[in-house]
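K.L.:
This structure is in structure tokens; I'll ask about it shortly.
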Amino acid sequence: MKKYRQIHKMVTLNIGETSLAFEYHGQCVYFYPVKKISNTEFEMIWARDVDCKFDNGTKETFRLIAVPKLEKPFAKFTIKNGVLYAEYYYAE
């Protein structure tokens, strides 16, 4: 899988062979392990590996019935024609 980097104003997404990193406006980075399915598909594993100046609420459940479990798949991502598609395993 190629490293993929997308910049959208205040958010940068970095996808590598073993991890996914969300960088929010340079003040906060969240790192998630990935499980490679193919050269264009991978699963994001839920984690709380963070380098952040503030808390964005990933520890909160917000009264949801199904919440992400640490070290379990959270979403499947597919890269097709330069577009990143996400299938989230937690619909809420």
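Going by the structure tokens order, chains are called A, B, ..., each with residues numbered from 1, while ligands are numbered from 1 in the order shown.
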For region 47-51 of chain A, please output as a list in words all residues within 10 Å (counting only C-alpha atoms; exclusion window: fewer than 6 positions along the same chain).

P.N.:
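My list of contacting residues is Ala21, Phe22, Glu23, Gln27, Cys28, Val29, Tyr30, Phe31, Tyr32, Pro33, Thr58, Lys59, Pro68, Lys69, Leu70, Glu71, Lys72, Pro73 and Phe74 of chain A.
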
K.L.:
Neighbours of Phe77 (chain A) within 9 Å (only C-alpha atoms; same-chain residues fewer than 6 positions away dropped), as a PDB file with all heavy atoms, in the first residue's frame?

P.N.:
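Written file, out_8.pdb:
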ATOM      1  N   THR A  40      -5.169  -1.711  -1.966  1.00  0.00           N
ATOM      2  CA  THR A  40      -6.105  -0.589  -1.984  1.00  0.00           C
ATOM      3  C   THR A  40      -7.105  -0.616  -0.833  1.00  0.00           C
ATOM      4  O   THR A  40      -7.961   0.257  -0.746  1.00  0.00           O
ATOM      5  CB  THR A  40      -6.891  -0.562  -3.313  1.00  0.00           C
ATOM      6  OG1 THR A  40      -7.603  -1.800  -3.456  1.00  0.00           O
ATOM      7  CG2 THR A  40      -5.966  -0.348  -4.505  1.00  0.00           C
ATOM      8  N   GLU A  41      -7.013  -1.619   0.041  1.00  0.00           N
ATOM      9  CA  GLU A  41      -7.963  -1.729   1.153  1.00  0.00           C
ATOM     10  C   GLU A  41      -7.228  -2.014   2.462  1.00  0.00           C
ATOM     11  O   GLU A  41      -6.264  -2.763   2.487  1.00  0.00           O
ATOM     12  CB  GLU A  41      -8.951  -2.865   0.925  1.00  0.00           C
ATOM     13  CG  GLU A  41      -9.903  -2.656  -0.213  1.00  0.00           C
ATOM     14  CD  GLU A  41     -10.870  -3.816  -0.333  1.00  0.00           C
ATOM     15  OE1 GLU A  41     -10.415  -4.978  -0.369  1.00  0.00           O
ATOM     16  OE2 GLU A  41     -12.073  -3.553  -0.385  1.00  0.00           O
ATOM     17  N   PHE A  42      -7.735  -1.411   3.545  1.00  0.00           N
ATOM     18  CA  PHE A  42      -7.182  -1.685   4.864  1.00  0.00           C
ATOM     19  C   PHE A  42      -8.238  -1.419   5.916  1.00  0.00           C
ATOM     20  O   PHE A  42      -9.209  -0.702   5.685  1.00  0.00           O
ATOM     21  CB  PHE A  42      -5.928  -0.848   5.131  1.00  0.00           C
ATOM     22  CG  PHE A  42      -6.185   0.631   5.178  1.00  0.00           C
ATOM     23  CD1 PHE A  42      -6.435   1.266   6.383  1.00  0.00           C
ATOM     24  CD2 PHE A  42      -6.182   1.383   4.018  1.00  0.00           C
ATOM     25  CE1 PHE A  42      -6.674   2.630   6.430  1.00  0.00           C
ATOM     26  CE2 PHE A  42      -6.418   2.756   4.059  1.00  0.00           C
ATOM     27  CZ  PHE A  42      -6.663   3.376   5.260  1.00  0.00           C
ATOM     28  N   GLU A  43      -8.068  -2.036   7.080  1.00  0.00           N
ATOM     29  CA  GLU A  43      -8.934  -1.775   8.219  1.00  0.00           C
ATOM     30  C   GLU A  43      -8.183  -0.903   9.212  1.00  0.00           C
ATOM     31  O   GLU A  43      -6.997  -1.087   9.451  1.00  0.00           O
ATOM     32  CB  GLU A  43      -9.333  -3.071   8.932  1.00  0.00           C
ATOM     33  CG  GLU A  43     -10.420  -3.825   8.242  1.00  0.00           C
ATOM     34  CD  GLU A  43     -10.865  -5.022   9.058  1.00  0.00           C
ATOM     35  OE1 GLU A  43     -10.007  -5.767   9.576  1.00  0.00           O
ATOM     36  OE2 GLU A  43     -12.083  -5.216   9.156  1.00  0.00           O
ATOM     37  N   MET A  44      -8.896   0.034   9.795  1.00  0.00           N
ATOM     38  CA  MET A  44      -8.371   0.873  10.863  1.00  0.00           C
ATOM     39  C   MET A  44      -8.720   0.199  12.184  1.00  0.00           C
ATOM     40  O   MET A  44      -9.862  -0.197  12.408  1.00  0.00           O
ATOM     41  CB  MET A  44      -9.025   2.247  10.790  1.00  0.00           C
ATOM     42  CG  MET A  44      -8.656   3.175  11.913  1.00  0.00           C
ATOM     43  SD  MET A  44      -9.593   4.718  11.715  1.00  0.00           S
ATOM     44  CE  MET A  44     -10.012   5.021  13.415  1.00  0.00           C
ATOM     45  N   LEU A  84     -10.584   8.269  -1.251  1.00  0.00           N
ATOM     46  CA  LEU A  84     -10.631   7.409  -0.081  1.00  0.00           C
ATOM     47  C   LEU A  84     -12.086   7.209   0.345  1.00  0.00           C
ATOM     48  O   LEU A  84     -12.797   8.176   0.629  1.00  0.00           O
ATOM     49  CB  LEU A  84      -9.836   8.041   1.065  1.00  0.00           C
ATOM     50  CG  LEU A  84      -9.738   7.233   2.345  1.00  0.00           C
ATOM     51  CD1 LEU A  84      -8.949   5.953   2.117  1.00  0.00           C
ATOM     52  CD2 LEU A  84      -9.103   8.070   3.443  1.00  0.00           C
ATOM     53  N   TYR A  85     -12.523   5.943   0.372  1.00  0.00           N
ATOM     54  CA  TYR A  85     -13.877   5.599   0.789  1.00  0.00           C
ATOM     55  C   TYR A  85     -13.813   4.905   2.149  1.00  0.00           C
ATOM     56  O   TYR A  85     -12.879   4.147   2.404  1.00  0.00           O
ATOM     57  CB  TYR A  85     -14.530   4.644  -0.218  1.00  0.00           C
ATOM     58  CG  TYR A  85     -14.708   5.257  -1.580  1.00  0.00           C
ATOM     59  CD1 TYR A  85     -13.715   5.146  -2.550  1.00  0.00           C
ATOM     60  CD2 TYR A  85     -15.862   5.961  -1.895  1.00  0.00           C
ATOM     61  CE1 TYR A  85     -13.868   5.713  -3.804  1.00  0.00           C
ATOM     62  CE2 TYR A  85     -16.024   6.527  -3.157  1.00  0.00           C
ATOM     63  CZ  TYR A  85     -15.028   6.398  -4.095  1.00  0.00           C
ATOM     64  OH  TYR A  85     -15.177   6.963  -5.331  1.00  0.00           O
ATOM     65  N   ALA A  86     -14.789   5.173   3.011  1.00  0.00           N
ATOM     66  CA  ALA A  86     -14.812   4.569   4.343  1.00  0.00           C
ATOM     67  C   ALA A  86     -16.117   3.830   4.579  1.00  0.00           C
ATOM     68  O   ALA A  86     -17.184   4.317   4.243  1.00  0.00           O
ATOM     69  CB  ALA A  86     -14.641   5.655   5.407  1.00  0.00           C
ATOM     70  N   GLU A  87     -15.996   2.642   5.159  1.00  0.00           N
ATOM     71  CA  GLU A  87     -17.151   1.866   5.613  1.00  0.00           C
ATOM     72  C   GLU A  87     -16.967   1.713   7.112  1.00  0.00           C
ATOM     73  O   GLU A  87     -16.096   0.978   7.575  1.00  0.00           O
ATOM     74  CB  GLU A  87     -17.169   0.493   4.940  1.00  0.00           C
ATOM     75  CG  GLU A  87     -18.235  -0.428   5.453  1.00  0.00           C
ATOM     76  CD  GLU A  87     -18.084  -1.852   4.930  1.00  0.00           C
ATOM     77  OE1 GLU A  87     -17.443  -2.065   3.897  1.00  0.00           O
ATOM     78  OE2 GLU A  87     -18.615  -2.757   5.599  1.00  0.00           O
ATOM     79  N   TYR A  88     -17.785   2.421   7.889  1.00  0.00           N
ATOM     80  CA  TYR A  88     -17.644   2.398   9.340  1.00  0.00           C
ATOM     81  C   TYR A  88     -18.412   1.225   9.927  1.00  0.00           C
ATOM     82  O   TYR A  88     -19.542   0.956   9.536  1.00  0.00           O
ATOM     83  CB  TYR A  88     -18.133   3.709   9.941  1.00  0.00           C
ATOM     84  CG  TYR A  88     -17.280   4.878   9.508  1.00  0.00           C
ATOM     85  CD1 TYR A  88     -17.701   5.735   8.499  1.00  0.00           C
ATOM     86  CD2 TYR A  88     -16.041   5.101  10.082  1.00  0.00           C
ATOM     87  CE1 TYR A  88     -16.904   6.787   8.077  1.00  0.00           C
ATOM     88  CE2 TYR A  88     -15.239   6.151   9.665  1.00  0.00           C
ATOM     89  CZ  TYR A  88     -15.681   6.983   8.668  1.00  0.00           C
ATOM     90  OH  TYR A  88     -14.891   8.019   8.247  1.00  0.00           O
TER      91      TYR A  88
END

K.L.:
Calculated over only C-alpha atoms, which of the candidates A:Val67, A:Ala75, A:Lys53, A:Trp46 has the smallest distance to His25 (chain A)?

P.N.:
A:Lys53

K.L.:
To one decimal place, how far is CA of Gly16 (chain A) from CA of Ile79 (chain A) in Å?

P.N.:
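Separating CA of Gly16 (chain A) from CA of Ile79 (chain A) is a distance of 12.6 Å.
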
K.L.:
If you measure from CA of Asn14 (chain A) to CA of Lys35 (chain A), what distance in Å do you get, rounded to one decimal?

P.N.:
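Between these atoms lies a distance of 14.8 Å.
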